[in-house]
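> Have a peek at model_24.pdb (PDB, C-alpha atoms).
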ATOM      1  CA  MET A1416      10.388  37.615 -28.881
ATOM      2  CA  GLN A1417       7.037  38.536 -27.486
ATOM      3  CA  THR A1418       5.711  36.682 -24.457
ATOM      4  CA  ARG A1419       2.302  36.521 -23.011
ATOM      5  CA  THR A1420       1.248  35.817 -19.452
ATOM      6  CA  ILE A1421      -1.798  33.683 -18.939
ATOM      7  CA  THR A1422      -3.532  33.558 -15.615
ATOM      8  CA  ALA A1423      -6.746  31.894 -14.695
ATOM      9  CA  ASP A1424      -8.684  31.110 -11.604
ATOM     10  CA  VAL A1425      -8.348  27.439 -10.860
ATOM     11  CA  PRO A1426     -11.392  26.007  -9.134
ATOM     12  CA  VAL A1427     -10.695  24.356  -5.820
ATOM     13  CA  GLY A1428     -12.654  21.256  -4.986
ATOM     14  CA  PRO A1429     -13.388  17.838  -6.363
ATOM     15  CA  ARG A1430     -13.108  17.361 -10.106
ATOM     16  CA  MET A1431     -15.795  14.714 -10.102
ATOM     17  CA  ALA A1432     -19.403  15.477  -9.358
ATOM     18  CA  GLN A1433     -19.740  12.384  -7.204
ATOM     19  CA  ASP A1434     -17.391  10.353  -5.044
ATOM     20  CA  PRO A1435     -16.315   7.208  -6.982
ATOM     21  CA  MET A1436     -16.745   5.161  -3.803
ATOM     22  CA  GLU A1437     -20.439   6.098  -3.794
ATOM     23  CA  LEU A1438     -20.804   5.046  -7.421
ATOM     24  CA  VAL A1439     -19.029   1.708  -6.944
ATOM     25  CA  PRO A1440     -19.141   0.731  -3.250
ATOM     26  CA  GLU A1441     -17.206  -2.478  -3.916
ATOM     27  CA  LEU A1442     -14.218  -0.361  -4.933
ATOM     28  CA  ALA A1443     -13.857   0.822  -1.331
ATOM     29  CA  GLU A1444     -13.734  -2.779  -0.081
ATOM     30  CA  VAL A1445     -11.116  -3.779  -2.629
ATOM     31  CA  SER A1446      -9.034  -0.669  -1.930
ATOM     32  CA  ALA A1447      -9.154  -1.239   1.828
ATOM     33  CA  ALA A1448      -8.044  -4.856   1.443
ATOM     34  CA  LEU A1449      -5.232  -3.861  -0.906
ATOM     35  CA  PHE A1450      -3.959  -1.148   1.425
ATOM     36  CA  LYS A1451      -4.054  -3.562   4.364
ATOM     37  CA  ALA A1452      -2.084  -6.152   2.402
ATOM     38  CA  ALA A1453       0.374  -3.521   1.195
ATOM     39  CA  GLY A1454       0.964  -2.314   4.734
ATOM     40  CA  ASN A1455       2.138  -5.688   5.946
ATOM     41  CA  ARG A1456       4.086  -6.329   2.722
ATOM     42  CA  SER A1457       2.464  -9.722   2.215
ATOM     43  CA  VAL A1458       1.529  -8.705  -1.333
ATOM     44  CA  PRO A1459       4.214  -7.116  -3.541
ATOM     45  CA  ARG A1460       3.591  -3.485  -4.495
ATOM     46  CA  THR A1461       3.684  -4.404  -8.198
ATOM     47  CA  THR A1462       0.918  -6.957  -7.699
ATOM     48  CA  ILE A1463      -1.197  -4.351  -5.943
ATOM     49  CA  SER A1464      -0.723  -1.947  -8.847
ATOM     50  CA  LEU A1465      -1.718  -4.706 -11.290
ATOM     51  CA  LEU A1466      -4.879  -5.289  -9.259
ATOM     52  CA  GLN A1467      -5.687  -1.591  -9.075
ATOM     53  CA  LEU A1468      -5.183  -1.309 -12.830
ATOM     54  CA  ARG A1469      -7.576  -4.218 -13.398
ATOM     55  CA  ALA A1470     -10.116  -2.719 -11.002
ATOM     56  CA  GLY A1471      -9.992   0.550 -12.936
ATOM     57  CA  GLN A1472     -10.517  -1.323 -16.198
ATOM     58  CA  ILE A1473     -13.474  -3.293 -14.851
ATOM     59  CA  VAL A1474     -15.322  -0.280 -13.460
ATOM     60  CA  GLY A1475     -14.447   1.840 -16.493
ATOM     61  CA  ASN A1476     -12.424   4.404 -14.541
ATOM     62  CA  THR A1477      -9.939   6.128 -16.837
ATOM     63  CA  TYR A1478      -8.229   7.917 -13.947
ATOM     64  CA  LEU A1479      -7.335   4.651 -12.170
ATOM     65  CA  THR A1480      -6.336   2.981 -15.424
ATOM     66  CA  VAL A1481      -3.971   5.787 -16.448
ATOM     67  CA  LEU A1482      -2.601   6.259 -12.914
ATOM     68  CA  HIS A1483      -1.716   2.617 -12.353
ATOM     69  CA  THR A1484      -0.420   2.117 -15.891
ATOM     70  CA  GLY A1485       2.020   4.953 -15.211
ATOM     71  CA  MET A1486       2.963   3.558 -11.807
ATOM     72  CA  LEU A1487       3.681   0.151 -13.305
ATOM     73  CA  ARG A1488       5.844   1.708 -16.023
ATOM     74  CA  LYS A1489       7.807   3.671 -13.418
ATOM     75  CA  ALA A1490       8.291   0.443 -11.455
ATOM     76  CA  GLY A1491       9.849  -1.133 -14.558
ATOM     77  CA  GLU A1492       7.013  -3.463 -15.538
ATOM     78  CA  SER A1493       7.062  -4.603 -19.160
ATOM     79  CA  GLU A1494       4.539  -3.256 -21.629
ATOM     80  CA  GLU A1495       3.465  -6.850 -22.295
ATOM     81  CA  ARG A1496       2.439  -7.381 -18.667
ATOM     82  CA  ILE A1497       0.725  -4.006 -18.394
ATOM     83  CA  THR A1498      -1.228  -4.535 -21.611
ATOM     84  CA  ALA A1499      -2.082  -8.134 -20.728
ATOM     85  CA  VAL A1500      -3.865  -7.143 -17.499
ATOM     86  CA  ALA A1501      -7.065  -6.589 -19.512
ATOM     87  CA  SER A1502      -6.939 -10.187 -20.774
ATOM     88  CA  TRP A1503      -4.985 -11.804 -17.940
ATOM     89  CA  GLN A1504      -6.915 -15.102 -18.079
ATOM     90  CA  ASP A1505      -5.082 -16.287 -21.188
ATOM     91  CA  ALA A1506      -1.873 -14.255 -20.884
ATOM     92  CA  PRO A1507       1.366 -16.095 -20.026
ATOM     93  CA  TYR A1508       2.861 -13.193 -18.060
ATOM     94  CA  PHE A1509       1.432 -13.705 -14.564
ATOM     95  CA  SER A1510       2.393 -15.935 -11.651
ATOM     96  CA  GLY A1511      -0.081 -18.202  -9.876
ATOM     97  CA  ALA A1512      -0.398 -15.716  -7.011
ATOM     98  CA  GLU A1513      -1.027 -12.828  -9.420
ATOM     99  CA  ARG A1514      -3.641 -14.868 -11.283
ATOM    100  CA  ALA A1515      -5.427 -15.701  -8.039
ATOM    101  CA  ALA A1516      -5.406 -12.039  -7.021
ATOM    102  CA  LEU A1517      -6.683 -10.917 -10.432
ATOM    103  CA  ALA A1518      -9.448 -13.532 -10.237
ATOM    104  CA  LEU A1519     -10.418 -12.152  -6.829
ATOM    105  CA  VAL A1520     -10.674  -8.604  -8.205
ATOM    106  CA  GLU A1521     -12.838  -9.906 -11.053
ATOM    107  CA  ALA A1522     -15.084 -11.782  -8.621
ATOM    108  CA  VAL A1523     -15.543  -8.807  -6.310
ATOM    109  CA  LEU A1524     -16.217  -6.245  -9.033
ATOM    110  CA  ARG A1525     -18.331  -8.268 -11.468
ATOM    111  CA  PRO A1526     -21.843  -9.368 -10.537
ATOM    112  CA  ALA A1527     -22.299 -13.125 -10.369
ATOM    113  CA  ALA A1528     -25.375 -14.829 -11.788
ATOM    114  CA  GLY A1529     -25.870 -16.881  -8.620
ATOM    115  CA  GLY A1530     -25.375 -13.945  -6.293
ATOM    116  CA  GLU A1531     -22.165 -15.259  -4.722
ATOM    117  CA  ARG A1532     -19.207 -13.246  -5.923
ATOM    118  CA  VAL A1533     -16.271 -15.018  -4.294
ATOM    119  CA  SER A1534     -16.618 -18.784  -4.334
ATOM    120  CA  ASP A1535     -15.157 -20.965  -1.607
ATOM    121  CA  GLU A1536     -12.769 -22.402  -4.188
ATOM    122  CA  LEU A1537     -11.469 -18.975  -5.182
ATOM    123  CA  TYR A1538     -11.152 -17.906  -1.554
ATOM    124  CA  ALA A1539      -9.128 -21.058  -0.798
ATOM    125  CA  GLU A1540      -6.904 -20.489  -3.831
ATOM    126  CA  VAL A1541      -6.183 -16.884  -2.860
ATOM    127  CA  ALA A1542      -5.574 -17.844   0.783
ATOM    128  CA  GLY A1543      -3.064 -20.428  -0.411
ATOM    129  CA  HIS A1544      -0.803 -17.703  -1.734
TER     130      HIS A1544
END
Do you think you could lay out the structure here as structure tokens?

Amino acid sequence: MQTRTITADVPVGPRMAQDPMELVPELAEVSAALFKAAGNRSVPRTTISLLQLRAGQIVGNTYLTVLHTGMLRKAGESEERITAVASWQDAPYFSGAERAALALVEAVLRPAAGGERVSDELYAEVAGH
């Protein structure tokens, strides 16, 4: 059997031309809030991964979508729940707390017609969980 050795110079440095946080500044705010909540364990790790998956879907970031889909699979989440994140509003797979958190991600990352992204009602709902 003949073998062949392949070597190549691998470039060192960022793979993206621009920092994603510069492209979508709101992503930094959401990430910071999620990491803070994860640190004090007030939000389950699975919920945080669901939110990060949804954030990746909203901003059209394939890297985040693939990364968090894989993390959820490794954590034992069902394919139904993972797939339903994209259409969570009418999916029966999420708890009230998860729905409130997903609504918050939607509000932060999608522009609102009236300028206000997170309504007082949504803030109160999320705070209630």
> Calculated over all atoms listed in the file, which of the candidates A:Arg1514, A:Arg1488, A:Lys1451, A:Arg1460 has the smallest distance to His1544 (chain A)?
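For His1544 (chain A), the nearest of the given residues is A:Arg1514.
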> What gap, in Å, lies between CA of Ala1522 (chain A) and CA of Leu1465 (chain A)?
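Interatomic distance here is 15.4 Å.
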> Here is a test: counting only C-alpha atoms, which residue of A:Leu1519, A:Val1500, A:Leu1468, A:Ala1448 is nearest to Glu1536 (chain A)?
A:Leu1519
> Neighbours of Trp1503 (chain A) within 10 Å (all atoms listed in the file; same-chain residues fewer than 3 positions away dropped), as a JSON list (two decimals) with C-alpha atoms, keeping the file's coordinate frame?

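Here's the written file out.json:
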[["chain", "number", "residue", "atom", "x", "y", "z"],
["A", 1469, "ARG", "CA", -7.58, -4.22, -13.40],
["A", 1496, "ARG", "CA", 2.44, -7.38, -18.67],
["A", 1497, "ILE", "CA", 0.72, -4.01, -18.39],
["A", 1498, "THR", "CA", -1.23, -4.54, -21.61],
["A", 1499, "ALA", "CA", -2.08, -8.13, -20.73],
["A", 1500, "VAL", "CA", -3.86, -7.14, -17.50],
["A", 1506, "ALA", "CA", -1.87, -14.26, -20.88],
["A", 1507, "PRO", "CA", 1.37, -16.10, -20.03],
["A", 1508, "TYR", "CA", 2.86, -13.19, -18.06],
["A", 1509, "PHE", "CA", 1.43, -13.70, -14.56],
["A", 1513, "GLU", "CA", -1.03, -12.83, -9.42],
["A", 1514, "ARG", "CA", -3.64, -14.87, -11.28],
["A", 1517, "LEU", "CA", -6.68, -10.92, -10.43],
["A", 1518, "ALA", "CA", -9.45, -13.53, -10.24]]
> Selection in question (the file shown): the PyMOL selection byres ((chain A and resi 1471) around 12). Which residues does it include, as a PyMOL selection string?
chain A and resi 1435+1439+1441-1442+1445-1446+1464-1470+1472-1484+1500-1501+1520-1521+1524
> Hey, which of A:Ile1463, A:Leu1487, A:Ala1512, A:Ala1447 ends up closest to Glu1540 (chain A)? Count all atoms listed in the file.
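Looking only at the distances to Glu1540 (chain A), the closest residue turns out to be A:Ala1512.
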> Using CA of Val1523 (chain A) and CA of Glu1444 (chain A) as the two end points, give the distance in Å to one decimal.
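Separating CA of Val1523 (chain A) from CA of Glu1444 (chain A) is a distance of 8.9 Å.
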> Could you check how far CA of Gly1511 (chain A) sits from CA of Glu1494 (chain A), in Å to one decimal?
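So the answer is 19.6 Å.
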> Please put the answer as JSON: centre and edge lengths, in Å with one decimal, of a box along x, y and z that encloses all listed atoms of region 1457-1476 of chain A plus 6 Å on each side.

{"center_x": -5.6, "center_y": -2.7, "center_z": -7.1, "size_x": 31.5, "size_y": 26.1, "size_z": 30.7}
